[in-house]
Amino acid sequence: MALLEVGREAAVRRLPPFGELERSTDGALAATDRPLGSLGHLALWGNLGAGLYLLVVGAWLVPALSIPWAIAATLIGAALGGALVAAAVGLGASENRPGVVLHRGALGEAGASLYAVLAIFRHLAWGAVQLAIAAELAASVAERQGVGGGRPLWAGAFGLLILLAALNPLTVVRRWLVPSAALALLIAVAFAYSAWSDFGVPAMLERDSAASWPSMTQAIDLVAAAALVWLPVASDVGRLGGGRRAGAAAFGGLATMTAWFVLIGVLFLPMVDGNDLTGFLMSTPLGALAVLVVIVLELDGAFVSLYALSSTARAWTPKADAALPAVVAGAAIFAISAALLNPFDYGDALLLLGAAFAPLLGALLGARLARRRFGYAAPPRAGGAVAWALGFLLYNWASPLDVPGWTPALSGLFHGLLRLPFPAGVPGLSATVLGFAAAFAASAVAATLRARRGVRASEAVC
């Protein structure tokens with residue numbers, strides 16, 4: 001027996017480091033695998049909240065809005081999106097479970113499957129977008145320095161880099177994602193300094209709005225969606241630390257850095273071509289380190305998407321142990337897509353992710369509220385899909401996605417069938433708030449009704 005135990009321990013030591021964050025099928029992590037305290041969560045989410053794609057989001061707010069109104073929309077939207085993500089981070093940290101398991105507990109297997117499908121789509125799509133941005137900017141910087149290769153070469157190199165990182169995620173989180181938050185903050189300061197000193201921000205503050213898309217409320221939802229893009233990874237990353245103040249720390253890091261980078265885009269892109277991020281990078285004090293800037297700001301997010309993909313795959317299909325195949329396939333999809341995608345055409349993708357995941361979080365929290373009230377509440381029928389669909393449709397009613405065939409279908413539903421104006425056109429009506437609140441209420445009511453029927457049935461038996 002002693003020899004068997006020694007052999008078993010040796011076999012465990014030979015396991016690939018990829019398994020060090022997944023010690024059980026339900027995704028609960030050992031205490032030694034939860035390295036983040038409050039400061040760690042603050043640094044990690046500040047790092048994820050910093051991204052070059054946010055500069056383009058800021059550019060979309062002007063000239064439709066004046067600079068003061070764009071600033072207000074940015075602050076409100078970043079706070080709204082950051083608050084929803086922070087709720088999911090706090091839940092993952094306190095429960096020590098990934099997103100699939102949390103949804104399975106509150107919404108049943110159907111709810112877990114709905115979440116898993118949407119989350120896997122998000123991880124693949126957004127990881128590819130971030131890798132495409134990184135590869136495009138790195139290729140442009142290299143070309144300006146007389147070095148060829150093009151975007152496909154950089155996409156392949158970056159894809160291989162995040163694959164190697166994802167095979168040892170705990171070490172990467174401890175030794176890179178948290179410490180590199182200081183670099184992200186330095187980059188934010190350098191960008192802000194360049195924008196303020198080189199582009200005459202004080203004079204721009206007096207510019208009038210052009211009264212086109214987006215409106216003030218649409219701008220709030222757009223910025224909120226830029227933060228909500230991290231909602232599907234929130235619980236998976238949140239469980240890397242304890243529950244105490246994890247949500248508050250995540251909110252501080254994500255909301256602050258999201259607002260910071262969007263505001264840089266608001267302030268400098270009216271003076272510069274919005275697609276020439278390379279030119280802006282080269283003009284900043286960090287221009288000589290432009291490729292490092294790209295790696296710090298974009299590849300961190302792609303790595304987290306790849307890790308969340310593995311966590312989702314493992315929790316959804318624990319018997320198949322799909323995590324490692326998911327990582328390898330995900331990295332390949334990232335690299336191939338990054339070589340082909342238009343890296344700056346992601347506005348609709350942001351809104352789609354916001355429309356999908358804000359209501360899903362509402363459905364999860366509504367069902368958990370009913371369970372907390374009754375001690376136990378059966379999952380809503382169809383796994384909260386009805387509540388989610390209601391929130392998703394109402395989000396699109398308030399802020400329709402520009403997808404071929406989709407807008408006419410929604411017009412037929414809301415305007416033709418329900419005799420409601422389409423789009424809603426209600427001043428101050430946030431699609432994010434409406435979708436989340438509707439799904440939350442519908443899920444809570446459904447779970448409460450099922451719980452009450454269960455109580456009455458048990459009383460009748462007694």
# chains A, B, ... in the order shown; residues from 1 in each chain; ligands from 1
call {"tool": "residues_around", "arguments": {"residues": "A:Leu48", "least_positions_apart": "5", "cutoff": "9 Å", "atoms": "only C-alpha atoms", "output": "list in words"}}
result
Ala43, Leu177, Ala181, Trp230, Gly253, Leu254, Met257, Thr258, Leu297, Glu298, Asp300, Gly301 and Val304 of chain A
call {"tool": "residues_around", "arguments": {"residues": "stretch 434-445 of chain A", "least_positions_apart": "3", "cutoff": "6 Å", "atoms": "only C-alpha atoms", "output": "list of chain:residue names"}}
result
A:Ala358, A:Pro359, A:Gly362, A:Ala363, A:Gly366, A:Ala367, A:Ala370, A:Ala387, A:Trp388, A:Gly391, A:Phe392, A:Leu394, A:Tyr395, A:Ala431, A:Thr448
call {"tool": "closest_residue", "arguments": {"among": "A:Ala112, A:Leu353, A:Leu80, A:Leu267", "to": "A:Val100", "atoms": "only C-alpha atoms"}}
result
A:Ala112
call {"tool": "atom_distance", "arguments": {"atom1": "atom CA of A:Ala87", "atom2": "atom CA of A:Tyr53"}}
result
23.8 Å
call {"tool": "residues_around", "arguments": {"residues": "A:Ala313", "least_positions_apart": "2", "cutoff": "7 Å", "atoms": "only C-alpha atoms", "output": "list in words"}}
result
Leu309, Ser310, Ser311, Ala315, Trp316, Thr317, Ala322, Ala323 and Ala326 of chain A
call {"tool": "residues_around", "arguments": {"residues": "A:Trp60", "least_positions_apart": "5", "cutoff": "12 Å", "atoms": "only C-alpha atoms", "output": "ChimeraX atom specification"}}
result
/A:53-55,65-67,70,73-74,212-216,218-220,222-223,262-263,265-270,273-275,344-347
call {"tool": "residues_around", "arguments": {"residues": "stretch 154-167 of chain A", "least_positions_apart": "3", "cutoff": "6 Å", "atoms": "only C-alpha atoms", "output": "PDB file with N, CA and C atoms, in the first residue's frame"}}
result
ATOM      1  N   PHE A  18      -1.729  22.584 -15.959  1.00  0.00           N
ATOM      2  CA  PHE A  18      -3.039  23.117 -16.308  1.00  0.00           C
ATOM      3  C   PHE A  18      -4.095  22.699 -15.290  1.00  0.00           C
ATOM      4  N   ALA A 135      -2.852  41.912 -32.708  1.00  0.00           N
ATOM      5  CA  ALA A 135      -2.055  41.565 -33.891  1.00  0.00           C
ATOM      6  C   ALA A 135      -2.017  42.711 -34.891  1.00  0.00           C
ATOM      7  N   ARG A 151      -0.298  40.926 -40.051  1.00  0.00           N
ATOM      8  CA  ARG A 151      -1.147  40.517 -38.941  1.00  0.00           C
ATOM      9  C   ARG A 151      -1.197  39.006 -38.735  1.00  0.00           C
ATOM     10  N   PHE A 303      -6.086  36.067 -22.635  1.00  0.00           N
ATOM     11  CA  PHE A 303      -5.742  34.947 -21.754  1.00  0.00           C
ATOM     12  C   PHE A 303      -6.893  34.625 -20.807  1.00  0.00           C
ATOM     13  N   TYR A 307      -8.881  31.122 -20.377  1.00  0.00           N
ATOM     14  CA  TYR A 307      -9.032  30.409 -19.102  1.00  0.00           C
ATOM     15  C   TYR A 307     -10.508  30.191 -18.781  1.00  0.00           C
ATOM     16  N   ALA A 331      -7.461  28.544 -28.492  1.00  0.00           N
ATOM     17  CA  ALA A 331      -6.298  29.319 -28.933  1.00  0.00           C
ATOM     18  C   ALA A 331      -6.162  29.294 -30.448  1.00  0.00           C
ATOM     19  N   ALA A 335      -6.418  32.603 -32.949  1.00  0.00           N
ATOM     20  CA  ALA A 335      -5.369  33.001 -33.887  1.00  0.00           C
ATOM     21  C   ALA A 335      -5.892  33.076 -35.318  1.00  0.00           C
ATOM     22  N   ALA A 338      -8.268  36.029 -35.595  1.00  0.00           N
ATOM     23  CA  ALA A 338      -7.541  37.296 -35.490  1.00  0.00           C
ATOM     24  C   ALA A 338      -6.843  37.650 -36.789  1.00  0.00           C
ATOM     25  N   ALA A 339      -6.444  36.634 -37.555  1.00  0.00           N
ATOM     26  CA  ALA A 339      -5.776  36.885 -38.837  1.00  0.00           C
ATOM     27  C   ALA A 339      -6.761  37.364 -39.899  1.00  0.00           C
TER      28      ALA A 339
END
call {"tool": "atom_distance", "arguments": {"atom1": "atom CA of A:Val57", "atom2": "atom CA of A:Tyr115"}}
result
26.3 Å
call {"tool": "select_by_dssp", "arguments": {"residues": "stretch 263-422 of chain A", "states": "alpha helix (DSSP H)", "output": "ChimeraX atom specification"}}
result
/A:263-268,277-283,290-294,300-316,323-340,347-374,385-398,406-411
call {"tool": "atom_distance", "arguments": {"atom1": "atom CA of A:Leu299", "atom2": "atom CA of A:Ala332"}}
result
14.6 Å
call {"tool": "closest_residue", "arguments": {"among": "A:Gly354, A:Gly92, A:Gly416, A:Gly82", "to": "A:Leu118", "atoms": "only C-alpha atoms"}}
result
A:Gly354
call {"tool": "closest_residue", "arguments": {"among": "A:Pro400, A:His415, A:Ile264, A:Gly37", "to": "A:Val62", "atoms": "only C-alpha atoms"}}
result
A:Ile264
call {"tool": "residues_around", "arguments": {"residues": "A:Arg381", "least_positions_apart": "3", "cutoff": "10 Å", "atoms": "only C-alpha atoms", "output": "JSON, numbers by chain"}}
result
{"A": [107, 108, 110, 111, 378, 384, 385, 386, 387, 443, 446, 447, 450]}
call {"tool": "decode", "arguments": {"residues": "stretch 321-455 of chain A", "atoms": "C-alpha atoms", "output": "PDB file, in the first residue's frame"}}
result
ATOM      1  CA  ASP A 321     -12.733  16.617 -18.968  1.00  0.00           C
ATOM      2  CA  ALA A 322     -13.016  19.012 -21.878  1.00  0.00           C
ATOM      3  CA  ALA A 323     -10.869  21.782 -20.418  1.00  0.00           C
ATOM      4  CA  LEU A 324      -7.574  20.997 -22.141  1.00  0.00           C
ATOM      5  CA  PRO A 325      -9.119  20.358 -25.594  1.00  0.00           C
ATOM      6  CA  ALA A 326     -11.109  23.576 -25.167  1.00  0.00           C
ATOM      7  CA  VAL A 327      -7.939  25.567 -24.476  1.00  0.00           C
ATOM      8  CA  VAL A 328      -6.063  24.183 -27.469  1.00  0.00           C
ATOM      9  CA  ALA A 329      -9.027  24.587 -29.829  1.00  0.00           C
ATOM     10  CA  GLY A 330      -9.826  28.025 -28.395  1.00  0.00           C
ATOM     11  CA  ALA A 331      -6.298  29.319 -28.933  1.00  0.00           C
ATOM     12  CA  ALA A 332      -6.363  28.062 -32.527  1.00  0.00           C
ATOM     13  CA  ILE A 333      -9.732  29.748 -33.160  1.00  0.00           C
ATOM     14  CA  PHE A 334      -8.418  32.976 -31.614  1.00  0.00           C
ATOM     15  CA  ALA A 335      -5.369  33.001 -33.887  1.00  0.00           C
ATOM     16  CA  ILE A 336      -7.194  32.085 -37.104  1.00  0.00           C
ATOM     17  CA  SER A 337      -9.998  34.580 -36.476  1.00  0.00           C
ATOM     18  CA  ALA A 338      -7.541  37.296 -35.490  1.00  0.00           C
ATOM     19  CA  ALA A 339      -5.776  36.885 -38.837  1.00  0.00           C
ATOM     20  CA  LEU A 340      -9.063  37.414 -40.718  1.00  0.00           C
ATOM     21  CA  LEU A 341     -11.279  39.711 -38.620  1.00  0.00           C
ATOM     22  CA  ASN A 342     -11.684  43.460 -38.968  1.00  0.00           C
ATOM     23  CA  PRO A 343     -10.313  44.316 -35.516  1.00  0.00           C
ATOM     24  CA  PHE A 344     -12.253  47.566 -35.137  1.00  0.00           C
ATOM     25  CA  ASP A 345     -15.741  46.375 -36.106  1.00  0.00           C
ATOM     26  CA  TYR A 346     -17.009  45.266 -32.709  1.00  0.00           C
ATOM     27  CA  GLY A 347     -19.681  47.804 -31.741  1.00  0.00           C
ATOM     28  CA  ASP A 348     -22.567  45.420 -32.361  1.00  0.00           C
ATOM     29  CA  ALA A 349     -20.655  42.623 -30.635  1.00  0.00           C
ATOM     30  CA  LEU A 350     -20.413  44.720 -27.465  1.00  0.00           C
ATOM     31  CA  LEU A 351     -24.131  45.489 -27.471  1.00  0.00           C
ATOM     32  CA  LEU A 352     -24.997  41.860 -28.248  1.00  0.00           C
ATOM     33  CA  LEU A 353     -22.982  40.647 -25.266  1.00  0.00           C
ATOM     34  CA  GLY A 354     -24.578  43.254 -23.020  1.00  0.00           C
ATOM     35  CA  ALA A 355     -28.029  42.271 -24.264  1.00  0.00           C
ATOM     36  CA  ALA A 356     -27.308  38.579 -23.632  1.00  0.00           C
ATOM     37  CA  PHE A 357     -25.576  38.599 -20.261  1.00  0.00           C
ATOM     38  CA  ALA A 358     -27.174  41.432 -18.275  1.00  0.00           C
ATOM     39  CA  PRO A 359     -30.584  39.630 -18.392  1.00  0.00           C
ATOM     40  CA  LEU A 360     -28.935  36.285 -17.647  1.00  0.00           C
ATOM     41  CA  LEU A 361     -27.368  37.703 -14.496  1.00  0.00           C
ATOM     42  CA  GLY A 362     -30.797  39.094 -13.591  1.00  0.00           C
ATOM     43  CA  ALA A 363     -32.356  35.640 -14.001  1.00  0.00           C
ATOM     44  CA  LEU A 364     -29.652  34.081 -11.823  1.00  0.00           C
ATOM     45  CA  LEU A 365     -29.969  36.633  -9.021  1.00  0.00           C
ATOM     46  CA  GLY A 366     -33.783  36.543  -9.123  1.00  0.00           C
ATOM     47  CA  ALA A 367     -33.853  32.766  -8.672  1.00  0.00           C
ATOM     48  CA  ARG A 368     -31.286  32.970  -5.867  1.00  0.00           C
ATOM     49  CA  LEU A 369     -33.384  35.614  -4.106  1.00  0.00           C
ATOM     50  CA  ALA A 370     -36.402  33.284  -4.123  1.00  0.00           C
ATOM     51  CA  ARG A 371     -34.246  30.444  -2.831  1.00  0.00           C
ATOM     52  CA  ARG A 372     -32.905  32.577  -0.010  1.00  0.00           C
ATOM     53  CA  ARG A 373     -36.436  33.568   0.989  1.00  0.00           C
ATOM     54  CA  PHE A 374     -37.881  30.060   1.020  1.00  0.00           C
ATOM     55  CA  GLY A 375     -34.804  28.110   2.051  1.00  0.00           C
ATOM     56  CA  TYR A 376     -35.203  26.026  -1.081  1.00  0.00           C
ATOM     57  CA  ALA A 377     -36.904  26.922  -4.334  1.00  0.00           C
ATOM     58  CA  ALA A 378     -37.115  24.630  -7.348  1.00  0.00           C
ATOM     59  CA  PRO A 379     -35.397  26.085 -10.411  1.00  0.00           C
ATOM     60  CA  PRO A 380     -37.748  27.969 -12.755  1.00  0.00           C
ATOM     61  CA  ARG A 381     -39.100  25.842 -15.567  1.00  0.00           C
ATOM     62  CA  ALA A 382     -36.909  25.909 -18.672  1.00  0.00           C
ATOM     63  CA  GLY A 383     -34.024  27.056 -16.499  1.00  0.00           C
ATOM     64  CA  GLY A 384     -34.968  30.727 -16.467  1.00  0.00           C
ATOM     65  CA  ALA A 385     -34.891  30.835 -20.261  1.00  0.00           C
ATOM     66  CA  VAL A 386     -38.238  32.629 -20.355  1.00  0.00           C
ATOM     67  CA  ALA A 387     -37.001  35.291 -17.923  1.00  0.00           C
ATOM     68  CA  TRP A 388     -33.796  35.654 -19.910  1.00  0.00           C
ATOM     69  CA  ALA A 389     -35.665  35.892 -23.223  1.00  0.00           C
ATOM     70  CA  LEU A 390     -37.949  38.587 -21.796  1.00  0.00           C
ATOM     71  CA  GLY A 391     -34.976  40.637 -20.633  1.00  0.00           C
ATOM     72  CA  PHE A 392     -33.137  40.087 -23.919  1.00  0.00           C
ATOM     73  CA  LEU A 393     -36.120  41.214 -26.005  1.00  0.00           C
ATOM     74  CA  LEU A 394     -36.771  44.266 -23.842  1.00  0.00           C
ATOM     75  CA  TYR A 395     -33.101  45.238 -24.090  1.00  0.00           C
ATOM     76  CA  ASN A 396     -33.479  45.116 -27.870  1.00  0.00           C
ATOM     77  CA  TRP A 397     -36.726  47.058 -27.677  1.00  0.00           C
ATOM     78  CA  ALA A 398     -34.959  49.911 -25.902  1.00  0.00           C
ATOM     79  CA  SER A 399     -31.752  49.657 -27.966  1.00  0.00           C
ATOM     80  CA  PRO A 400     -32.104  47.457 -31.099  1.00  0.00           C
ATOM     81  CA  LEU A 401     -29.051  45.687 -32.453  1.00  0.00           C
ATOM     82  CA  ASP A 402     -28.135  46.514 -36.028  1.00  0.00           C
ATOM     83  CA  VAL A 403     -28.271  42.948 -37.362  1.00  0.00           C
ATOM     84  CA  PRO A 404     -29.747  42.100 -40.790  1.00  0.00           C
ATOM     85  CA  GLY A 405     -33.231  40.662 -40.393  1.00  0.00           C
ATOM     86  CA  TRP A 406     -33.260  41.134 -36.624  1.00  0.00           C
ATOM     87  CA  THR A 407     -34.513  44.714 -36.481  1.00  0.00           C
ATOM     88  CA  PRO A 408     -37.460  44.072 -38.867  1.00  0.00           C
ATOM     89  CA  ALA A 409     -38.427  41.017 -36.797  1.00  0.00           C
ATOM     90  CA  LEU A 410     -38.438  43.032 -33.583  1.00  0.00           C
ATOM     91  CA  SER A 411     -40.385  45.804 -35.268  1.00  0.00           C
ATOM     92  CA  GLY A 412     -43.012  43.247 -36.272  1.00  0.00           C
ATOM     93  CA  LEU A 413     -43.185  41.993 -32.674  1.00  0.00           C
ATOM     94  CA  PHE A 414     -43.280  45.261 -30.775  1.00  0.00           C
ATOM     95  CA  HIS A 415     -44.849  47.647 -33.284  1.00  0.00           C
ATOM     96  CA  GLY A 416     -46.918  45.266 -35.378  1.00  0.00           C
ATOM     97  CA  LEU A 417     -48.140  42.771 -32.750  1.00  0.00           C
ATOM     98  CA  LEU A 418     -47.928  44.640 -29.448  1.00  0.00           C
ATOM     99  CA  ARG A 419     -48.693  48.100 -30.887  1.00  0.00           C
ATOM    100  CA  LEU A 420     -45.768  49.651 -29.089  1.00  0.00           C
ATOM    101  CA  PRO A 421     -43.400  52.249 -30.546  1.00  0.00           C
ATOM    102  CA  PHE A 422     -40.195  50.722 -31.879  1.00  0.00           C
ATOM    103  CA  PRO A 423     -37.554  51.506 -30.783  1.00  0.00           C
ATOM    104  CA  ALA A 424     -39.004  52.383 -27.395  1.00  0.00           C
ATOM    105  CA  GLY A 425     -37.929  56.006 -27.631  1.00  0.00           C
ATOM    106  CA  VAL A 426     -38.444  56.586 -23.902  1.00  0.00           C
ATOM    107  CA  PRO A 427     -36.085  59.325 -22.680  1.00  0.00           C
ATOM    108  CA  GLY A 428     -33.690  58.048 -20.057  1.00  0.00           C
ATOM    109  CA  LEU A 429     -34.673  54.381 -20.506  1.00  0.00           C
ATOM    110  CA  SER A 430     -31.497  52.307 -20.237  1.00  0.00           C
ATOM    111  CA  ALA A 431     -31.616  49.030 -22.145  1.00  0.00           C
ATOM    112  CA  THR A 432     -29.135  47.526 -19.670  1.00  0.00           C
ATOM    113  CA  VAL A 433     -31.255  48.384 -16.639  1.00  0.00           C
ATOM    114  CA  LEU A 434     -34.499  47.353 -18.359  1.00  0.00           C
ATOM    115  CA  GLY A 435     -33.182  43.970 -19.518  1.00  0.00           C
ATOM    116  CA  PHE A 436     -31.605  43.145 -16.152  1.00  0.00           C
ATOM    117  CA  ALA A 437     -34.605  44.268 -14.080  1.00  0.00           C
ATOM    118  CA  ALA A 438     -37.166  42.448 -16.251  1.00  0.00           C
ATOM    119  CA  ALA A 439     -35.250  39.156 -16.137  1.00  0.00           C
ATOM    120  CA  PHE A 440     -34.637  39.517 -12.392  1.00  0.00           C
ATOM    121  CA  ALA A 441     -38.322  40.101 -11.649  1.00  0.00           C
ATOM    122  CA  ALA A 442     -39.573  37.353 -13.952  1.00  0.00           C
ATOM    123  CA  SER A 443     -37.124  34.797 -12.556  1.00  0.00           C
ATOM    124  CA  ALA A 444     -37.874  35.718  -8.939  1.00  0.00           C
ATOM    125  CA  VAL A 445     -41.628  35.461  -9.514  1.00  0.00           C
ATOM    126  CA  ALA A 446     -41.329  32.117 -11.329  1.00  0.00           C
ATOM    127  CA  ALA A 447     -39.125  30.606  -8.622  1.00  0.00           C
ATOM    128  CA  THR A 448     -41.395  31.970  -5.875  1.00  0.00           C
ATOM    129  CA  LEU A 449     -44.529  30.495  -7.431  1.00  0.00           C
ATOM    130  CA  ARG A 450     -42.873  27.094  -7.783  1.00  0.00           C
ATOM    131  CA  ALA A 451     -41.666  27.251  -4.188  1.00  0.00           C
ATOM    132  CA  ARG A 452     -45.124  28.112  -2.880  1.00  0.00           C
ATOM    133  CA  ARG A 453     -46.690  25.272  -4.842  1.00  0.00           C
ATOM    134  CA  GLY A 454     -44.083  22.946  -3.388  1.00  0.00           C
ATOM    135  CA  VAL A 455     -44.852  24.148   0.151  1.00  0.00           C
TER     136      VAL A 455
END
